[in-house]
>>> print(open('coords-v6.cif').read())   # mmCIF, C-alpha atoms
data_query
#
loop_
_atom_site.label_atom_id
_atom_site.label_comp_id
_atom_site.auth_asym_id
_atom_site.auth_seq_id
_atom_site.Cartn_x
_atom_site.Cartn_y
_atom_site.Cartn_z
CA ASP A 1043 122.74 197.95 26.99
CA SER A 1044 123.85 199.40 23.71
CA MET A 1045 127.13 201.13 22.94
CA PHE A 1046 128.15 204.23 24.87
CA ASP A 1047 125.19 204.13 27.27
CA GLY A 1048 127.06 204.98 30.45
CA ASP A 1049 130.04 206.76 31.94
CA ILE A 1050 133.47 206.13 30.39
CA ILE A 1051 136.20 205.53 32.95
CA PHE A 1052 139.95 205.67 32.37
CA VAL A 1053 142.41 204.33 34.93
CA GLY A 1054 146.15 204.53 35.57
CA LYS A 1055 148.43 206.38 33.19
CA HIS A 1056 145.67 206.84 30.60
CA ALA A 1057 143.60 208.72 33.19
CA ASP A 1058 146.61 210.98 33.80
CA TYR A 1059 147.48 211.47 30.12
CA LEU A 1060 143.87 212.44 29.44
CA ARG A 1061 144.13 215.06 32.20
CA GLN A 1062 146.91 216.69 30.22
CA LEU A 1063 145.13 216.51 26.87
CA ALA A 1064 141.83 218.05 28.04
CA PRO A 1065 140.75 220.40 30.84
CA SER A 1066 140.71 218.65 34.20
CA LYS A 1067 139.51 219.71 37.63
CA GLN A 1068 142.20 217.55 39.18
CA TYR A 1069 145.53 218.15 37.51
CA LYS A 1070 148.19 216.49 39.68
CA GLU A 1071 148.81 218.79 42.66
CA LYS A 1072 149.26 221.86 40.49
CA THR A 1073 146.76 224.69 40.78
CA GLU A 1074 147.00 225.56 37.11
CA GLN A 1075 146.91 223.40 34.06
CA ARG A 1076 148.67 224.37 30.87
CA LYS A 1077 146.48 225.19 27.90
CA THR A 1078 145.11 221.92 26.59
CA PHE A 1079 144.88 220.82 22.99
CA PHE A 1080 141.31 219.50 23.35
CA ASN A 1081 138.32 221.30 24.85
CA SER A 1082 136.92 218.20 26.55
CA ASN A 1083 137.77 214.63 27.47
CA ILE A 1084 135.28 213.26 24.97
CA GLU A 1085 136.88 215.27 22.14
CA ALA A 1086 140.24 213.79 23.11
CA VAL A 1087 138.76 210.27 23.16
CA LEU A 1088 137.26 210.67 19.68
CA ALA A 1089 140.57 211.87 18.27
CA ALA A 1090 142.48 209.17 20.16
CA ALA A 1091 140.30 206.40 18.70
CA ALA A 1092 140.94 207.52 15.12
CA ILE A 1093 144.62 208.26 15.70
CA GLY A 1094 145.26 205.03 17.59
CA PHE A 1095 143.75 203.07 14.72
CA ILE A 1096 145.46 204.96 11.89
CA LYS A 1097 148.85 204.84 13.60
CA GLY A 1098 148.34 201.23 14.71
CA LYS A 1099 148.91 202.19 18.35
CA LYS A 1100 147.38 199.82 20.88
CA ALA A 1101 147.59 199.93 24.68
CA GLU A 1102 146.24 197.58 27.31
CA LEU A 1103 144.61 198.70 30.56
CA ALA A 1104 147.25 199.93 33.00
CA ARG A 1105 145.75 200.00 36.49
CA ASP A 1106 147.54 202.07 39.12
CA ALA A 1107 146.05 202.56 42.58
CA LYS A 1108 148.04 205.78 43.02
CA VAL A 1109 146.27 207.46 40.09
CA SER A 1110 142.67 208.65 40.41
CA ASP A 1111 140.23 207.40 37.81
CA ASN A 1112 139.24 209.87 35.11
CA ARG A 1113 135.49 209.59 34.55
CA ILE A 1114 133.61 211.03 31.59
CA PHE A 1115 130.01 211.30 32.74
CA TYR A 1116 127.21 209.96 30.57
CA GLU A 1117 125.87 213.49 30.07
CA ALA A 1118 128.98 214.30 28.01
CA VAL A 1119 129.10 210.86 26.38
CA SER A 1120 125.47 211.13 25.23
CA ARG A 1121 126.11 214.46 23.48
CA HIS A 1122 128.75 212.75 21.31
CA LYS A 1123 127.17 209.31 21.02
CA GLU A 1124 126.74 209.51 17.22
CA ASP A 1125 130.36 210.56 16.73
CA LEU A 1126 131.58 207.76 19.01
CA GLU A 1127 129.44 205.23 17.16
CA LEU A 1128 130.72 206.41 13.77
CA VAL A 1129 134.37 206.06 14.78
CA TYR A 1130 133.62 202.68 16.38
CA ARG A 1131 131.90 201.45 13.20
CA LEU A 1132 134.74 202.65 10.95
CA ILE A 1133 137.30 200.87 13.11
CA MET A 1134 135.25 197.65 13.10
CA ILE A 1135 134.97 197.79 9.29
CA LEU A 1136 138.65 198.50 8.70
CA ASP A 1137 140.32 196.49 11.48
CA ALA A 1138 141.47 192.90 10.86
CA LYS A 1139 140.66 193.09 7.16
CA ASN A 1140 143.31 190.46 6.45
CA THR A 1141 141.84 188.00 8.94
CA LEU A 1142 138.09 188.67 9.01
CA SER A 1143 135.64 188.56 6.10
CA VAL A 1144 133.76 191.71 5.11
CA GLU A 1145 130.57 190.12 6.45
CA LYS A 1146 132.09 189.51 9.88
CA ARG A 1147 133.47 193.04 10.03
CA ILE A 1148 130.10 194.51 9.05
CA ASP A 1149 128.46 192.36 11.75
CA LYS A 1150 130.88 193.79 14.32
CA ALA A 1151 130.30 197.31 13.05
CA PHE A 1152 126.50 197.32 12.81
CA ARG A 1153 124.71 194.24 14.09
CA PHE A 1154 125.79 193.81 17.71
CA ASP A 1155 124.89 197.21 19.20
CA ALA A 1156 122.42 195.82 21.73
CA ASP A 1157 124.22 192.53 22.47
CA ASP A 1158 126.97 193.05 25.05
CA GLU A 1159 128.32 189.52 24.69
CA LYS A 1160 128.62 189.55 20.89
CA ARG A 1161 129.98 193.09 20.97
CA LYS A 1162 132.64 192.35 23.59
CA SER A 1163 135.51 191.59 21.18
CA GLY A 1164 134.76 194.73 19.14
CA ASP A 1165 134.60 196.87 22.28
CA GLU A 1166 137.97 195.53 23.42
CA VAL A 1167 139.53 196.39 20.05
CA PHE A 1168 138.04 199.89 20.16
CA TRP A 1169 139.31 200.72 23.67
CA VAL A 1170 142.76 199.28 22.97
CA TYR A 1171 143.05 201.77 20.09
CA VAL A 1172 141.62 204.62 22.19
CA ARG A 1173 144.25 204.03 24.90
CA GLY A 1174 146.96 203.70 22.24
CA GLY A 1175 145.81 206.98 20.70
CA ILE A 1176 145.85 208.70 24.10
CA GLU A 1177 149.46 207.56 24.60
CA TYR A 1178 150.39 208.71 21.10
CA LEU A 1179 148.76 212.13 21.56
CA TYR A 1180 150.40 212.56 24.95
CA ASP A 1181 153.83 211.67 23.53
CA VAL A 1182 153.46 213.91 20.48
CA LEU A 1183 151.83 216.93 22.10
CA TYR A 1184 153.11 217.06 25.68
CA LYS A 1185 155.81 214.67 26.79
CA ASP A 1186 158.88 216.63 25.72
CA SER A 1187 157.26 220.03 25.51
CA GLU A 1188 158.07 222.74 28.03
CA SER A 1189 155.74 225.47 26.84
CA THR A 1190 152.38 226.07 25.24
CA GLN A 1191 154.28 227.51 22.26
CA GLU A 1192 155.94 224.13 21.78
CA ASP A 1193 152.57 222.43 22.22
CA ILE A 1194 151.12 224.54 19.40
CA GLN A 1195 154.11 223.79 17.14
CA LYS A 1196 153.77 220.05 17.80
CA ALA A 1197 150.02 220.22 17.28
CA ALA A 1198 150.44 221.87 13.87
CA GLU A 1199 153.00 219.24 12.79
CA PHE A 1200 150.76 216.48 14.10
CA VAL A 1201 147.62 217.70 12.29
CA GLU A 1202 149.54 217.94 9.03
CA ALA A 1203 150.95 214.42 9.42
CA PHE A 1204 147.50 213.08 10.34
CA ARG A 1205 145.90 214.67 7.25
CA ALA A 1206 148.63 213.31 4.99
CA THR A 1207 148.25 209.80 6.42
CA TYR A 1208 144.50 209.83 5.91
CA ILE A 1209 144.78 210.83 2.27
CA ASP A 1210 147.89 208.80 1.37
CA ASP A 1211 146.53 205.56 2.81
CA GLY A 1212 143.29 205.89 0.84
CA ILE A 1213 141.31 205.05 3.98
CA ILE A 1214 138.47 207.39 3.05
CA ASP A 1215 138.13 205.89 -0.44
CA GLU A 1216 138.12 202.39 1.03
CA ILE A 1217 135.26 203.24 3.40
CA TYR A 1218 133.16 204.79 0.63
CA GLU A 1219 133.77 201.79 -1.62
CA LEU A 1220 132.84 199.29 1.09
CA CYS A 1221 129.70 201.18 2.03
CA SER A 1222 128.54 201.62 -1.56
CA GLN A 1223 129.10 197.92 -2.36
CA ARG A 1224 127.14 196.83 0.65
CA LYS A 1225 124.45 199.50 0.48
CA ILE A 1226 124.85 200.23 4.19
#
>>> encode(input="coords-v6.cif", output="C-alpha cells")
Amino acid sequence: DSMFDGDIIFVGKHADYLRQLAPSKQYKEKTEQRKTFFNSNIEAVLAAAAIGFIKGKKAELARDAKVSDNRIFYEAVSRHKEDLELVYRLIMILDAKNTLSVEKRIDKAFRFDADDEKRKSGDEVFWVYVRGGIEYLYDVLYKDSESTQEDIQKAAEFVEAFRATYIDDGIIDEIYELCSQRKI
C-alpha cells in the first residue's frame, strides 16, 4: 500500500466533530444540519492537518461505541490524494526539527510511501495533528456558536489569524529554503 490508498475512518468525538464541520447525511438525530464551513469531509481533513500542525494541536484516537464512525470513501480520498500527500510531506519535513536530522525528516516525507512499516511513525504523527486540527476547528467555529452568523464571524477571525500565523512564523520561507537546498 502507499499513502491514502483507501477509505479514511474517524471514530468517536472526531467523527462527530467532522459531521459538524462538513455536510453529513447523519447529523445526530436532527433532520437539518446548520450551514457547514467546509464543503466536504476531505476539505475539512486537509485544513485540519495544516491547522493542527501550525497550532501544535494533537489528539489521540478517542473511541466511543455510542458514536457512529465517519467514513470518507476512497473515491473522495483519491480526488484529493495529491493535496493530502503535500500536506503530509510538509508536516514530515517540519515536525520534530529539533530532534530529527534533515535527512531523517526527508526520508519520512518522501522515501517511505510504499513501505507501511517504515511509514507507520509518520502516519501516526500526521493523524494526531489531523485529529487535533479537527478539535481546534470545532472549538473555534462551532462549540460556542448559536447561529450561522456567529459561525461566519468566527470563520473570518480564524482565517485572518491563520494567515498571520503562516506569514509571521516564516513557515513558507523555511519550506522553500529546505527544498532548494536539497533539490527535492
>>> closest_residue(input="coords-v6.cif", among="A:Met1045, A:Asp1111, A:Gly1094, A:Gly1175", to="Phe1154 in chain A", atoms="all atoms listed in the file")
A:Met1045
>>> resolve_selection(input="coords-v6.cif", expression="the PyMOL selection byres ((chain A and resi 1165) around 12)", output="ChimeraX atom specification")
/A:1044-1046,1091,1126-1127,1129-1131,1133-1134,1150-1151,1154-1155,1157-1164,1166-1172
>>> write_last_selection(input="coords-v6.cif", atoms="C-alpha atoms", output="compact mmCIF listing (two decimals), keeping the file's coordinate frame")
# COMPACT_ATOMS: atom_id res chain seq x y z
CA SER A 1044 123.85 199.40 23.71
CA MET A 1045 127.13 201.13 22.94
CA PHE A 1046 128.15 204.23 24.87
CA ALA A 1091 140.30 206.40 18.70
CA LEU A 1126 131.58 207.76 19.01
CA GLU A 1127 129.44 205.23 17.16
CA VAL A 1129 134.37 206.06 14.78
CA TYR A 1130 133.62 202.68 16.38
CA ARG A 1131 131.90 201.45 13.20
CA ILE A 1133 137.30 200.87 13.11
CA MET A 1134 135.25 197.65 13.10
CA LYS A 1150 130.88 193.79 14.32
CA ALA A 1151 130.30 197.31 13.05
CA PHE A 1154 125.79 193.81 17.71
CA ASP A 1155 124.89 197.21 19.20
CA ASP A 1157 124.22 192.53 22.47
CA ASP A 1158 126.97 193.05 25.05
CA GLU A 1159 128.32 189.52 24.69
CA LYS A 1160 128.62 189.55 20.89
CA ARG A 1161 129.98 193.09 20.97
CA LYS A 1162 132.64 192.35 23.59
CA SER A 1163 135.51 191.59 21.18
CA GLY A 1164 134.76 194.73 19.14
CA GLU A 1166 137.97 195.53 23.42
CA VAL A 1167 139.53 196.39 20.05
CA PHE A 1168 138.04 199.89 20.16
CA TRP A 1169 139.31 200.72 23.67
CA VAL A 1170 142.76 199.28 22.97
CA TYR A 1171 143.05 201.77 20.09
CA VAL A 1172 141.62 204.62 22.19
>>> resolve_selection(input="coords-v6.cif", expression="the PyMOL selection byres ((chain A and resi 1107) around 12)", output="number ranges by chain")
A: 1053-1055, 1057, 1104-1106, 1108-1111
>>> residues_around(input="coords-v6.cif", residues="Leu1063 in chain A", least_positions_apart="2", cutoff="7 Å", atoms="only C-alpha atoms", output="VMD selection string")
chain A and resid 1059 to 1061 1078 to 1080 1086 1180
>>> atom_distance(input="coords-v6.cif", atom1="CA of Leu1132 in chain A", atom2="CA of Lys1100 in chain A")
16.3 Å
>>> closest_residue(input="coords-v6.cif", among="A:Phe1200, A:Phe1052, A:Tyr1184, A:Phe1152", to="Lys1097 in chain A", atoms="all atoms listed in the file")
A:Phe1200
>>> atom_distance(input="coords-v6.cif", atom1="CA of Phe1095 in chain A", atom2="CA of Leu1136 in chain A")
9.1 Å
